[in-house]
Amino acid sequence: MEFTNCWLQYEKISDANHKDIKVYATTEGNIINNAIEELTTAFDMLYNRRVEAVFGGEPKDNENAAASSVELRLNPELKLGKEAFRIDCDSGRCVVSAQTQAGLLYGVFALIRNLRVQRVYDFDKWSFTLEQNPSNPIRMLDHWDNMDGSIERGYSGNSFFFEKDEIIINERTYAYARLAASVGINAVAINNVNVRGMATWLISDKYYDKLRSLSEIFGSYGIKLYLSINFAAPIEMGGLDTSDPCDERVKEWWKNKAKEIWQHIPEFGGFLVKADSEGRPGPFTYGRSHAEGANMLADAVRPFGGLVIWRCFVYNCQQDWRDQKTDRARAGYDNFMPLDGMFADNVILQIKNGPMDFQVREPVSPLFGGLKRTNAMLELQIAQEYTGQQRHVCYLLPWFKEILDFKTYCGREHDTVADIVAGRTYNNTNCGIVAVANTGNDINWTGHDLAAANWYGFGRLAFDTGLSAEEIASEWIMQTFGYNEKVMENVMEILMKSWPAYEKYTSPLGIGWMVKPNHHYGPDVDGYEYDRWGTYHRANHKAIGVDRTPAGTGYTQQYNEPLASIYADKRTCPQELILFFHRLEYDYVLPSGKTVIQHIYDSHFEGADEAARFLDLWRELEGLIEDEAFGRVEKRLIHQKEHAKEWRDVVNSYFYRISGIEDEKGRPLY
Ligand code: GCW
């Protein structure tokens, strides 16, 4: 089996100093063993230095002066968070301390990362201190992997968790856990939230042994295993005639199930639930609320310290496109705000970043800033469903930063999305950030080699929301391709311009969608226009956009002031979202001074030109990047250039044809 090590391919920095390095560990344990193994690999590959592990001790005084060492000091008394670490390095003697083994592992990965990004030539001459507490309690990846091996919205091959209804455990499992842990991921749900067929039976005897092994492998990297469950499991596997959360038999069934699960998988994390959404079963069938549904499961898992992660992606997916009153954007808030304060403590609501569905640009969901007495988690998507499906490069970290920095005006001092999901706003600990994963069994894990920057970046950002998108990109480039100024410069430019470029040549001004139905790849302006999904732009010969002000669907009123007023007024609404909130005529003059139609034309031409430039920038790196990776990326950038042109011409021609307005600059429209 073949796969790359992504950002963990340790390149030689120097082999001038051959002295052995002693690694002292106060205790043994699975996580510590992995930490030591990581140090062994890293020192060998970076410096050609051998590591000798010494358990149960610390360096003796007379050893200090002579030997280089890394001491892994487990100290439960340490006044730091549970997963925090401290590194003190001084001239070849390095102490990593933490309260827990997981903290030590993060410390070790941070130590190695710093050796690499600072290009430390001689470890024995290096002074360095770093203390870090992860920003978010839960830093999670949700895999939408199906048990037949396919992946819903997967763009990098098949699942490495499942094949033919069986769980796979092999070298990739370890490699995956190691990569995830190296960026601080501490929770993973392995199966699709759409739980169908055999996936319902994951919580049964058939799979417990394998799941336990998986959970142990994950556990040795500080990661908890979660499973998506089927709300109708009591019917489908339990033989009951109902899954009503208020029915005693159903409660009993889940309680017994939870007991059984934790008996077999003692380190199990809990359930991820998609209920009453896109055809999945849920409490609505029985006239029950989502609080009743979630709390019933929460009761069942509570004795074992389990969590219920409950998704807020609940909306009417059977809408009549003629109906102008129903607004899908409102649905999350309308469904969940009335339940604020009613969810159990071990329930976390998992909220997509925007009110629709992972578009290239959306406003932040008003549930952040709305909910005040409910645990919340931010759900992002690094699987690029609507952002180029890992065939286009689209580095999403600048977008994630904007989302996290968004001020919700919830009336607290710490009021950004980052504050809320970190637990700073409401002083809670069951919260954090999750991303729909972008991995598969492709050789490079993510289909597009540059898409690994989103995996790396998501983890790094979840661990330290203070990092900038550029800092993360720069670390990633260096660790993935090795240090070279030209490589740094060109790949940085590609990454940092990729999300804005994608927005420009697809669907600017917050309009979103305009993709081919079902698979969501490529331009189709009216693709979702006459469909049941509630995602309309309603463009006609005069105007485009949905009026979401109080005069329209009233969605803007779900925001706190001053946001509600800012969004409701087209003169103050941020331009990049203006067609999300307003219906505007094509000759309306935007804050930029351009008309709507001219903006559409210009941005599509600009975006496609930028995509073409990515290919040029990449080609300048031929010979500086390992051949196979170079070739893989080049192929995708060639496709992106062509496909961006297609987007440009389809969208521009569509609006030219219906508006009849010429491009001021006289460029070809068809
Ligand atoms: O974005 C939509 C996807 C579905 C997905 C759903 C969800 C897992 O198109 O494929 O289903 O969101 O988030 O539940």
# chains A, B, ... in the order shown; residues from 1 in each chain; ligands from 1
$ residues_near_ligand --ligand "ligand 1" --cutoff "6 Å" --atoms "only C-alpha atoms and all ligand atoms" --output "VMD selection string"
chain A and resid 152 to 153 193 to 194 357
$ residues_around --residues "stretch 360-372 of chain A" --least-positions-apart "4" --cutoff "7 Å" --atoms "only C-alpha atoms" --output "PyMOL selection string"
chain A and resi 333+337+340+353-355+386-387+403+408-410+417+503+510+512+558-559+577
$ residues_around --residues "A:Asp299" --least-positions-apart "6" --cutoff "9 Å" --atoms "only C-alpha atoms" --output "list in words"
Lys251, Trp254, Lys255, Ala344 and Asn346 of chain A
$ write_last_selection --atoms "C-alpha atoms" --output "PDB file, in the first residue's frame"
ATOM      1  CA  LYS A 251     -35.395   4.997  26.121  1.00  0.00           C
ATOM      2  CA  TRP A 254     -30.869   3.180  23.903  1.00  0.00           C
ATOM      3  CA  LYS A 255     -29.773   2.848  27.528  1.00  0.00           C
ATOM      4  CA  ALA A 344     -28.850  18.507  28.265  1.00  0.00           C
ATOM      5  CA  ASN A 346     -23.795  16.557  27.232  1.00  0.00           C
TER       6      ASN A 346
END
$ atom_distance --atom1 "atom CA of A:Asp165" --atom2 "atom CA of A:Gly149"
7.7 Å
$ atom_distance --atom1 "atom CA of A:Val273" --atom2 "atom CA of A:Ser228"
5.7 Å
$ residues_around --residues "A:Trp7" --least-positions-apart "2" --cutoff "10 Å" --atoms "only C-alpha atoms" --output "count of residues only"
19
$ residues_around --residues "A:Glu402" --least-positions-apart "3" --cutoff "10 Å" --atoms "only C-alpha atoms" --output "PyMOL selection string"
chain A and resi 364+397-399+405-407+417-418
$ write_last_selection --atoms "N, CA, C and O atoms" --output "mmCIF file, in the first residue's frame"
data_model
loop_
_atom_site.group_PDB
_atom_site.id
_atom_site.type_symbol
_atom_site.label_atom_id
_atom_site.label_comp_id
_atom_site.auth_asym_id
_atom_site.auth_seq_id
_atom_site.Cartn_x
_atom_site.Cartn_y
_atom_site.Cartn_z
ATOM 1 N N VAL A 364 -22.574 34.329 8.337
ATOM 2 C CA VAL A 364 -22.435 33.380 9.441
ATOM 3 C C VAL A 364 -23.824 33.032 9.973
ATOM 4 O O VAL A 364 -24.707 33.895 10.042
ATOM 5 N N LEU A 397 -8.633 28.428 4.484
ATOM 6 C CA LEU A 397 -8.342 29.013 5.793
ATOM 7 C C LEU A 397 -8.683 30.497 5.907
ATOM 8 O O LEU A 397 -9.172 30.933 6.952
ATOM 9 N N PRO A 398 -8.476 31.302 4.858
ATOM 10 C CA PRO A 398 -8.873 32.709 4.976
ATOM 11 C C PRO A 398 -10.377 32.842 5.256
ATOM 12 O O PRO A 398 -10.805 33.713 6.017
ATOM 13 N N TRP A 399 -11.142 31.974 4.663
ATOM 14 C CA TRP A 399 -12.602 31.956 4.865
ATOM 15 C C TRP A 399 -12.907 31.551 6.308
ATOM 16 O O TRP A 399 -13.683 32.183 7.007
ATOM 17 N N ASP A 405 -13.668 35.035 13.270
ATOM 18 C CA ASP A 405 -13.521 36.404 13.771
ATOM 19 C C ASP A 405 -14.832 37.181 13.779
ATOM 20 O O ASP A 405 -14.885 38.314 14.251
ATOM 21 N N PHE A 406 -15.871 36.581 13.239
ATOM 22 C CA PHE A 406 -17.154 37.282 13.108
ATOM 23 C C PHE A 406 -17.729 37.645 14.481
ATOM 24 O O PHE A 406 -17.895 36.796 15.355
ATOM 25 N N LYS A 407 -18.029 38.922 14.639
ATOM 26 C CA LYS A 407 -18.618 39.394 15.896
ATOM 27 C C LYS A 407 -20.121 39.174 15.865
ATOM 28 O O LYS A 407 -20.800 39.658 14.958
ATOM 29 N N VAL A 417 -17.484 34.252 16.945
ATOM 30 C CA VAL A 417 -17.758 32.822 16.783
ATOM 31 C C VAL A 417 -16.643 32.018 17.459
ATOM 32 O O VAL A 417 -16.898 31.025 18.148
ATOM 33 N N ALA A 418 -15.408 32.477 17.277
ATOM 34 C CA ALA A 418 -14.278 31.772 17.908
ATOM 35 C C ALA A 418 -14.471 31.716 19.426
ATOM 36 O O ALA A 418 -14.232 30.674 20.046
#
$ residues_around --residues "A:Gln381" --least-positions-apart "3" --cutoff "9 Å" --atoms "only C-alpha atoms" --output "PDB file with N, CA and C atoms, in the first residue's frame"
ATOM      1  N   LYS A 352     -23.639  24.376  10.981  1.00  0.00           N
ATOM      2  CA  LYS A 352     -22.838  24.726   9.802  1.00  0.00           C
ATOM      3  C   LYS A 352     -22.519  26.213   9.835  1.00  0.00           C
ATOM      4  N   ASN A 353     -21.388  26.586   9.241  1.00  0.00           N
ATOM      5  CA  ASN A 353     -20.949  27.977   9.346  1.00  0.00           C
ATOM      6  C   ASN A 353     -21.977  28.970   8.806  1.00  0.00           C
ATOM      7  N   PHE A 358     -22.471  25.361   3.050  1.00  0.00           N
ATOM      8  CA  PHE A 358     -21.068  25.348   2.628  1.00  0.00           C
ATOM      9  C   PHE A 358     -20.809  25.998   1.262  1.00  0.00           C
ATOM     10  N   GLN A 384     -14.304  19.738  -0.422  1.00  0.00           N
ATOM     11  CA  GLN A 384     -14.680  20.947  -1.161  1.00  0.00           C
ATOM     12  C   GLN A 384     -15.903  20.737  -2.045  1.00  0.00           C
ATOM     13  N   GLU A 385     -17.008  20.337  -1.411  1.00  0.00           N
ATOM     14  CA  GLU A 385     -18.214  20.037  -2.182  1.00  0.00           C
ATOM     15  C   GLU A 385     -18.601  21.164  -3.143  1.00  0.00           C
ATOM     16  N   VAL A 434     -15.586  21.440  14.142  1.00  0.00           N
ATOM     17  CA  VAL A 434     -15.522  20.197  13.393  1.00  0.00           C
ATOM     18  C   VAL A 434     -15.473  20.517  11.902  1.00  0.00           C
ATOM     19  N   ALA A 435     -14.797  19.665  11.157  1.00  0.00           N
ATOM     20  CA  ALA A 435     -14.809  19.818   9.699  1.00  0.00           C
ATOM     21  C   ALA A 435     -15.213  18.511   9.053  1.00  0.00           C
ATOM     22  N   VAL A 436     -16.016  18.601   8.016  1.00  0.00           N
ATOM     23  CA  VAL A 436     -16.292  17.435   7.181  1.00  0.00           C
ATOM     24  C   VAL A 436     -14.991  17.149   6.437  1.00  0.00           C
ATOM     25  N   ALA A 437     -14.479  15.936   6.623  1.00  0.00           N
ATOM     26  CA  ALA A 437     -13.118  15.612   6.199  1.00  0.00           C
ATOM     27  C   ALA A 437     -12.973  15.524   4.678  1.00  0.00           C
ATOM     28  N   ASN A 438     -11.750  15.739   4.218  1.00  0.00           N
ATOM     29  CA  ASN A 438     -11.485  15.717   2.773  1.00  0.00           C
ATOM     30  C   ASN A 438     -10.537  14.586   2.372  1.00  0.00           C
TER      31      ASN A 438
END
$ residues_around --residues "A:Asn33" --least-positions-apart "3" --cutoff "10 Å" --atoms "only C-alpha atoms" --output "PyMOL selection string"
chain A and resi 25+27-30+36-39+53+101+105+220-221
$ write_last_selection --atoms "N, CA and C atoms" --output "PDB file, in the first residue's frame"
ATOM      1  N   ALA A  25      11.217   9.478  29.783  1.00  0.00           N
ATOM      2  CA  ALA A  25       9.771   9.564  29.978  1.00  0.00           C
ATOM      3  C   ALA A  25       9.465   9.124  31.395  1.00  0.00           C
ATOM      4  N   THR A  27       6.634   8.143  32.547  1.00  0.00           N
ATOM      5  CA  THR A  27       5.784   6.946  32.561  1.00  0.00           C
ATOM      6  C   THR A  27       5.741   6.314  31.183  1.00  0.00           C
ATOM      7  N   GLU A  28       5.253   5.078  31.175  1.00  0.00           N
ATOM      8  CA  GLU A  28       5.008   4.438  29.889  1.00  0.00           C
ATOM      9  C   GLU A  28       3.539   4.594  29.551  1.00  0.00           C
ATOM     10  N   GLY A  29       3.191   4.333  28.335  1.00  0.00           N
ATOM     11  CA  GLY A  29       1.787   4.415  27.929  1.00  0.00           C
ATOM     12  C   GLY A  29       1.745   4.486  26.420  1.00  0.00           C
ATOM     13  N   ASN A  30       0.565   4.163  25.869  1.00  0.00           N
ATOM     14  CA  ASN A  30       0.463   4.111  24.410  1.00  0.00           C
ATOM     15  C   ASN A  30       0.773   5.435  23.748  1.00  0.00           C
ATOM     16  N   ILE A  36       7.422   9.032  21.632  1.00  0.00           N
ATOM     17  CA  ILE A  36       8.843   8.667  21.549  1.00  0.00           C
ATOM     18  C   ILE A  36       9.191   8.193  20.144  1.00  0.00           C
ATOM     19  N   GLU A  37       8.278   7.423  19.571  1.00  0.00           N
ATOM     20  CA  GLU A  37       8.537   6.948  18.224  1.00  0.00           C
ATOM     21  C   GLU A  37       8.653   8.123  17.246  1.00  0.00           C
ATOM     22  N   GLU A  38       7.812   9.120  17.474  1.00  0.00           N
ATOM     23  CA  GLU A  38       7.849  10.298  16.601  1.00  0.00           C
ATOM     24  C   GLU A  38       9.191  11.012  16.729  1.00  0.00           C
ATOM     25  N   LEU A  39       9.647  11.147  17.965  1.00  0.00           N
ATOM     26  CA  LEU A  39      10.944  11.805  18.171  1.00  0.00           C
ATOM     27  C   LEU A  39      12.058  10.994  17.515  1.00  0.00           C
ATOM     28  N   ALA A  53      15.593   5.682  24.363  1.00  0.00           N
ATOM     29  CA  ALA A  53      14.511   5.972  25.310  1.00  0.00           C
ATOM     30  C   ALA A  53      14.840   5.434  26.692  1.00  0.00           C
ATOM     31  N   GLN A 101      -0.966  12.641  28.862  1.00  0.00           N
ATOM     32  CA  GLN A 101      -0.146  12.089  27.780  1.00  0.00           C
ATOM     33  C   GLN A 101      -0.458  12.776  26.455  1.00  0.00           C
ATOM     34  N   LEU A 105       2.077  14.531  23.781  1.00  0.00           N
ATOM     35  CA  LEU A 105       2.147  14.231  22.352  1.00  0.00           C
ATOM     36  C   LEU A 105       2.061  15.523  21.528  1.00  0.00           C
ATOM     37  N   SER A 220      -4.364   5.942  21.121  1.00  0.00           N
ATOM     38  CA  SER A 220      -2.921   6.067  21.305  1.00  0.00           C
ATOM     39  C   SER A 220      -2.387   7.337  20.648  1.00  0.00           C
ATOM     40  N   TYR A 221      -3.264   8.045  19.967  1.00  0.00           N
ATOM     41  CA  TYR A 221      -2.912   9.368  19.431  1.00  0.00           C
ATOM     42  C   TYR A 221      -3.808  10.458  20.032  1.00  0.00           C
TER      43      TYR A 221
END
$ select_by_dssp --residues "stretch 206-306 of chain A" --states "helix (DSSP H, G or I)" --output "JSON, numbers by chain"
{"A": [206, 207, 208, 209, 210, 211, 212, 213, 214, 215, 216, 217, 218, 219, 233, 234, 235, 236, 248, 249, 250, 251, 252, 253, 254, 255, 256, 257, 258, 259, 260, 261, 262, 263, 264, 283, 284, 285, 286, 290, 291, 292, 293, 294, 295, 296, 297, 298, 299, 300, 301, 302, 303, 304]}
$ closest_residue --among "A:Gln118, A:Asn191, A:Asn48, A:Gln575" --to "A:Trp144" --atoms "only C-alpha atoms"
A:Asn191
$ closest_residue --among "A:His519, A:Arg139, A:Arg391, A:Lys210" --to "A:Thr173" --atoms "only C-alpha atoms"
A:Lys210
$ select_by_dssp --residues "stretch 88-335 of chain A" --states "strand (DSSP E or B)" --output "mmCIF file with N, CA, C and O atoms, in the first residue's frame"
data_model
loop_
_atom_site.group_PDB
_atom_site.id
_atom_site.type_symbol
_atom_site.label_atom_id
_atom_site.label_comp_id
_atom_site.auth_asym_id
_atom_site.auth_seq_id
_atom_site.Cartn_x
_atom_site.Cartn_y
_atom_site.Cartn_z
ATOM 1 N N ASP A 88 10.408 23.686 27.110
ATOM 2 C CA ASP A 88 11.561 24.523 27.471
ATOM 3 C C ASP A 88 12.804 23.861 26.926
ATOM 4 O O ASP A 88 13.192 22.792 27.394
ATOM 5 N N CYS A 89 13.418 24.484 25.957
ATOM 6 C CA CYS A 89 14.633 23.914 25.386
ATOM 7 C C CYS A 89 15.783 24.874 25.610
ATOM 8 O O CYS A 89 15.660 26.073 25.357
ATOM 9 N N ASP A 90 16.865 24.316 26.070
ATOM 10 C CA ASP A 90 18.035 25.152 26.283
ATOM 11 C C ASP A 90 19.282 24.336 25.971
ATOM 12 O O ASP A 90 19.586 23.374 26.676
ATOM 13 N N ARG A 93 19.099 20.528 25.903
ATOM 14 C CA ARG A 93 18.266 19.873 26.903
ATOM 15 C C ARG A 93 16.858 20.443 26.788
ATOM 16 O O ARG A 93 16.637 21.645 26.897
ATOM 17 N N CYS A 94 15.958 19.550 26.594
ATOM 18 C CA CYS A 94 14.607 19.989 26.289
ATOM 19 C C CYS A 94 13.629 19.296 27.223
ATOM 20 O O CYS A 94 13.707 18.083 27.419
ATOM 21 N N VAL A 95 12.739 20.075 27.828
ATOM 22 C CA VAL A 95 11.722 19.471 28.683
ATOM 23 C C VAL A 95 10.348 19.781 28.101
ATOM 24 O O VAL A 95 10.015 20.935 27.847
ATOM 25 N N VAL A 96 9.576 18.723 27.874
ATOM 26 C CA VAL A 96 8.189 18.915 27.460
ATOM 27 C C VAL A 96 7.339 18.496 28.638
ATOM 28 O O VAL A 96 7.460 17.369 29.126
ATOM 29 N N SER A 97 6.508 19.393 29.139
ATOM 30 C CA SER A 97 5.667 18.989 30.264
ATOM 31 C C SER A 97 4.195 19.203 29.950
ATOM 32 O O SER A 97 3.832 20.097 29.187
ATOM 33 N N ALA A 98 3.385 18.350 30.546
ATOM 34 C CA ALA A 98 1.940 18.424 30.329
ATOM 35 C C ALA A 98 1.235 17.644 31.425
ATOM 36 O O ALA A 98 1.842 16.814 32.090
ATOM 37 N N SER A 127 17.676 27.456 21.743
ATOM 38 C CA SER A 127 16.883 27.852 22.916
ATOM 39 C C SER A 127 15.477 28.167 22.454
ATOM 40 O O SER A 127 15.291 28.880 21.463
ATOM 41 N N PHE A 128 14.529 27.629 23.184
ATOM 42 C CA PHE A 128 13.146 27.777 22.720
ATOM 43 C C PHE A 128 12.189 27.501 23.866
ATOM 44 O O PHE A 128 12.392 26.566 24.639
ATOM 45 N N THR A 129 11.166 28.343 24.009
ATOM 46 C CA THR A 129 10.097 28.005 24.955
ATOM 47 C C THR A 129 8.758 28.262 24.278
ATOM 48 O O THR A 129 8.625 29.169 23.467
ATOM 49 N N LEU A 130 7.815 27.438 24.631
ATOM 50 C CA LEU A 130 6.466 27.594 24.076
ATOM 51 C C LEU A 130 5.491 26.972 25.060
ATOM 52 O O LEU A 130 5.712 25.868 25.559
ATOM 53 N N GLU A 131 4.426 27.721 25.341
ATOM 54 C CA GLU A 131 3.386 27.156 26.187
ATOM 55 C C GLU A 131 2.087 27.305 25.420
ATOM 56 O O GLU A 131 1.793 28.375 24.905
ATOM 57 N N GLN A 132 1.339 26.231 25.313
ATOM 58 C CA GLN A 132 0.138 26.327 24.510
ATOM 59 C C GLN A 132 -0.999 25.488 25.049
ATOM 60 O O GLN A 132 -0.800 24.352 25.450
ATOM 61 N N ILE A 138 -13.053 20.606 21.708
ATOM 62 C CA ILE A 138 -13.219 19.510 20.743
ATOM 63 C C ILE A 138 -12.752 19.980 19.369
ATOM 64 O O ILE A 138 -13.161 21.036 18.892
ATOM 65 N N ARG A 139 -11.880 19.174 18.771
ATOM 66 C CA ARG A 139 -11.324 19.498 17.446
ATOM 67 C C ARG A 139 -11.523 18.247 16.599
ATOM 68 O O ARG A 139 -10.784 17.288 16.701
ATOM 69 N N MET A 140 -12.564 18.282 15.796
ATOM 70 C CA MET A 140 -13.100 17.019 15.272
ATOM 71 C C MET A 140 -13.127 16.948 13.748
ATOM 72 O O MET A 140 -13.248 17.954 13.072
ATOM 73 N N LEU A 141 -12.998 15.732 13.250
ATOM 74 C CA LEU A 141 -13.222 15.480 11.825
ATOM 75 C C LEU A 141 -14.425 14.552 11.673
ATOM 76 O O LEU A 141 -14.499 13.521 12.342
ATOM 77 N N ASP A 142 -15.352 14.938 10.815
ATOM 78 C CA ASP A 142 -16.488 14.079 10.483
ATOM 79 C C ASP A 142 -16.238 13.499 9.100
ATOM 80 O O ASP A 142 -16.116 14.240 8.125
ATOM 81 N N HIS A 143 -16.164 12.183 9.038
ATOM 82 C CA HIS A 143 -16.011 11.533 7.737
ATOM 83 C C HIS A 143 -17.387 11.099 7.268
ATOM 84 O O HIS A 143 -18.142 10.525 8.046
ATOM 85 N N TRP A 144 -17.668 11.359 6.020
ATOM 86 C CA TRP A 144 -18.940 10.926 5.458
ATOM 87 C C TRP A 144 -18.720 9.622 4.699
ATOM 88 O O TRP A 144 -19.133 9.463 3.549
ATOM 89 N N ASP A 145 -18.057 8.670 5.327
ATOM 90 C CA ASP A 145 -17.712 7.407 4.676
ATOM 91 C C ASP A 145 -18.854 6.397 4.824
ATOM 92 O O ASP A 145 -19.427 6.243 5.909
ATOM 93 N N ILE A 151 -17.600 7.373 -0.459
ATOM 94 C CA ILE A 151 -17.631 8.501 0.483
ATOM 95 C C ILE A 151 -18.579 9.552 -0.068
ATOM 96 O O ILE A 151 -18.439 9.971 -1.218
ATOM 97 N N PHE A 162 -13.795 1.815 5.627
ATOM 98 C CA PHE A 162 -14.751 0.748 5.296
ATOM 99 C C PHE A 162 -14.556 0.226 3.878
ATOM 100 O O PHE A 162 -14.167 0.959 2.981
ATOM 101 N N GLU A 163 -14.893 -1.049 3.747
ATOM 102 C CA GLU A 163 -14.918 -1.676 2.431
ATOM 103 C C GLU A 163 -15.863 -2.861 2.524
ATOM 104 O O GLU A 163 -15.767 -3.632 3.477
ATOM 105 N N GLU A 166 -17.251 -3.969 5.796
ATOM 106 C CA GLU A 166 -16.321 -4.326 6.876
ATOM 107 C C GLU A 166 -15.487 -3.111 7.257
ATOM 108 O O GLU A 166 -15.292 -2.208 6.445
ATOM 109 N N ILE A 167 -14.979 -3.155 8.473
ATOM 110 C CA ILE A 167 -14.086 -2.086 8.921
ATOM 111 C C ILE A 167 -12.659 -2.455 8.538
ATOM 112 O O ILE A 167 -12.229 -3.590 8.736
ATOM 113 N N ALA A 187 -10.960 14.207 18.034
ATOM 114 C CA ALA A 187 -12.221 13.471 17.904
ATOM 115 C C ALA A 187 -12.464 13.177 16.429
ATOM 116 O O ALA A 187 -12.211 14.044 15.581
ATOM 117 N N VAL A 188 -12.954 11.976 16.156
ATOM 118 C CA VAL A 188 -13.215 11.596 14.768
ATOM 119 C C VAL A 188 -14.485 10.762 14.688
ATOM 120 O O VAL A 188 -14.637 9.779 15.422
ATOM 121 N N ALA A 189 -15.410 11.172 13.818
ATOM 122 C CA ALA A 189 -16.570 10.321 13.512
ATOM 123 C C ALA A 189 -16.279 9.676 12.168
ATOM 124 O O ALA A 189 -15.983 10.376 11.199
ATOM 125 N N ILE A 190 -16.338 8.342 12.121
ATOM 126 C CA ILE A 190 -15.844 7.671 10.913
ATOM 127 C C ILE A 190 -16.917 7.399 9.861
ATOM 128 O O ILE A 190 -16.579 7.124 8.729
ATOM 129 N N ASN A 191 -18.184 7.458 10.235
ATOM 130 C CA ASN A 191 -19.201 7.101 9.225
ATOM 131 C C ASN A 191 -20.142 8.256 8.910
ATOM 132 O O ASN A 191 -20.399 9.133 9.736
ATOM 133 N N LYS A 224 -10.595 10.512 20.176
ATOM 134 C CA LYS A 224 -11.777 9.735 20.556
ATOM 135 C C LYS A 224 -12.570 9.350 19.317
ATOM 136 O O LYS A 224 -12.741 10.153 18.402
ATOM 137 N N LEU A 225 -13.075 8.140 19.342
ATOM 138 C CA LEU A 225 -13.897 7.641 18.241
ATOM 139 C C LEU A 225 -15.377 7.965 18.478
ATOM 140 O O LEU A 225 -15.906 7.723 19.575
ATOM 141 N N TYR A 226 -16.026 8.495 17.466
ATOM 142 C CA TYR A 226 -17.468 8.746 17.501
ATOM 143 C C TYR A 226 -18.123 7.998 16.343
ATOM 144 O O TYR A 226 -17.480 7.730 15.338
ATOM 145 N N LEU A 227 -19.408 7.730 16.482
ATOM 146 C CA LEU A 227 -20.151 7.127 15.373
ATOM 147 C C LEU A 227 -21.415 7.923 15.093
ATOM 148 O O LEU A 227 -22.060 8.424 16.027
ATOM 149 N N SER A 228 -21.747 8.034 13.811
ATOM 150 C CA SER A 228 -23.043 8.586 13.450
ATOM 151 C C SER A 228 -24.057 7.479 13.655
ATOM 152 O O SER A 228 -23.811 6.335 13.282
ATOM 153 N N ILE A 229 -25.193 7.818 14.238
ATOM 154 C CA ILE A 229 -26.204 6.783 14.470
ATOM 155 C C ILE A 229 -27.500 7.113 13.727
ATOM 156 O O ILE A 229 -27.744 8.253 13.344
ATOM 157 N N GLY A 270 -19.001 9.017 21.633
ATOM 158 C CA GLY A 270 -20.426 9.332 21.639
ATOM 159 C C GLY A 270 -21.012 9.301 20.240
ATOM 160 O O GLY A 270 -20.409 8.785 19.303
ATOM 161 N N PHE A 271 -22.227 9.897 20.141
ATOM 162 C CA PHE A 271 -22.996 9.812 18.896
ATOM 163 C C PHE A 271 -23.027 11.151 18.152
ATOM 164 O O PHE A 271 -23.128 12.207 18.770
ATOM 165 N N LEU A 272 -23.021 11.023 16.836
ATOM 166 C CA LEU A 272 -23.261 12.177 15.974
ATOM 167 C C LEU A 272 -24.601 11.909 15.293
ATOM 168 O O LEU A 272 -24.818 10.807 14.781
ATOM 169 N N VAL A 273 -25.503 12.899 15.295
ATOM 170 C CA VAL A 273 -26.856 12.622 14.813
ATOM 171 C C VAL A 273 -27.351 13.647 13.797
ATOM 172 O O VAL A 273 -27.373 14.853 14.060
ATOM 173 N N LEU A 307 -20.990 11.890 24.728
ATOM 174 C CA LEU A 307 -21.591 13.125 24.214
ATOM 175 C C LEU A 307 -22.547 12.801 23.067
ATOM 176 O O LEU A 307 -22.368 11.807 22.360
ATOM 177 N N VAL A 308 -23.534 13.683 22.898
ATOM 178 C CA VAL A 308 -24.405 13.601 21.736
ATOM 179 C C VAL A 308 -24.196 14.873 20.923
ATOM 180 O O VAL A 308 -24.426 15.978 21.411
ATOM 181 N N ILE A 309 -23.700 14.693 19.718
ATOM 182 C CA ILE A 309 -23.470 15.841 18.839
ATOM 183 C C ILE A 309 -24.604 15.862 17.830
ATOM 184 O O ILE A 309 -24.759 14.934 17.033
ATOM 185 N N TRP A 310 -25.420 16.878 17.939
ATOM 186 C CA TRP A 310 -26.699 16.919 17.232
ATOM 187 C C TRP A 310 -26.650 18.016 16.183
ATOM 188 O O TRP A 310 -26.392 19.163 16.497
ATOM 189 N N ARG A 311 -26.915 17.643 14.921
ATOM 190 C CA ARG A 311 -26.754 18.632 13.854
ATOM 191 C C ARG A 311 -27.970 19.532 13.669
ATOM 192 O O ARG A 311 -29.113 19.096 13.813
#
$ closest_residue --among "A:Arg249, A:Asn158, A:Gly92, A:Ala102" --to "A:Gly219" --atoms "only C-alpha atoms"
A:Ala102
$ closest_residue --among "A:Gly222, A:Pro245, A:Gly279, A:Pro500" --to "A:Arg196" --atoms "only C-alpha atoms"
A:Gly279
$ atom_distance --atom1 "atom CA of A:Pro76" --atom2 "atom CA of A:Arg178"
24.1 Å
$ closest_residue --among "A:Arg172, A:Lys19, A:Arg119, A:Lys641" --to "A:Glu2" --atoms "only C-alpha atoms"
A:Arg172
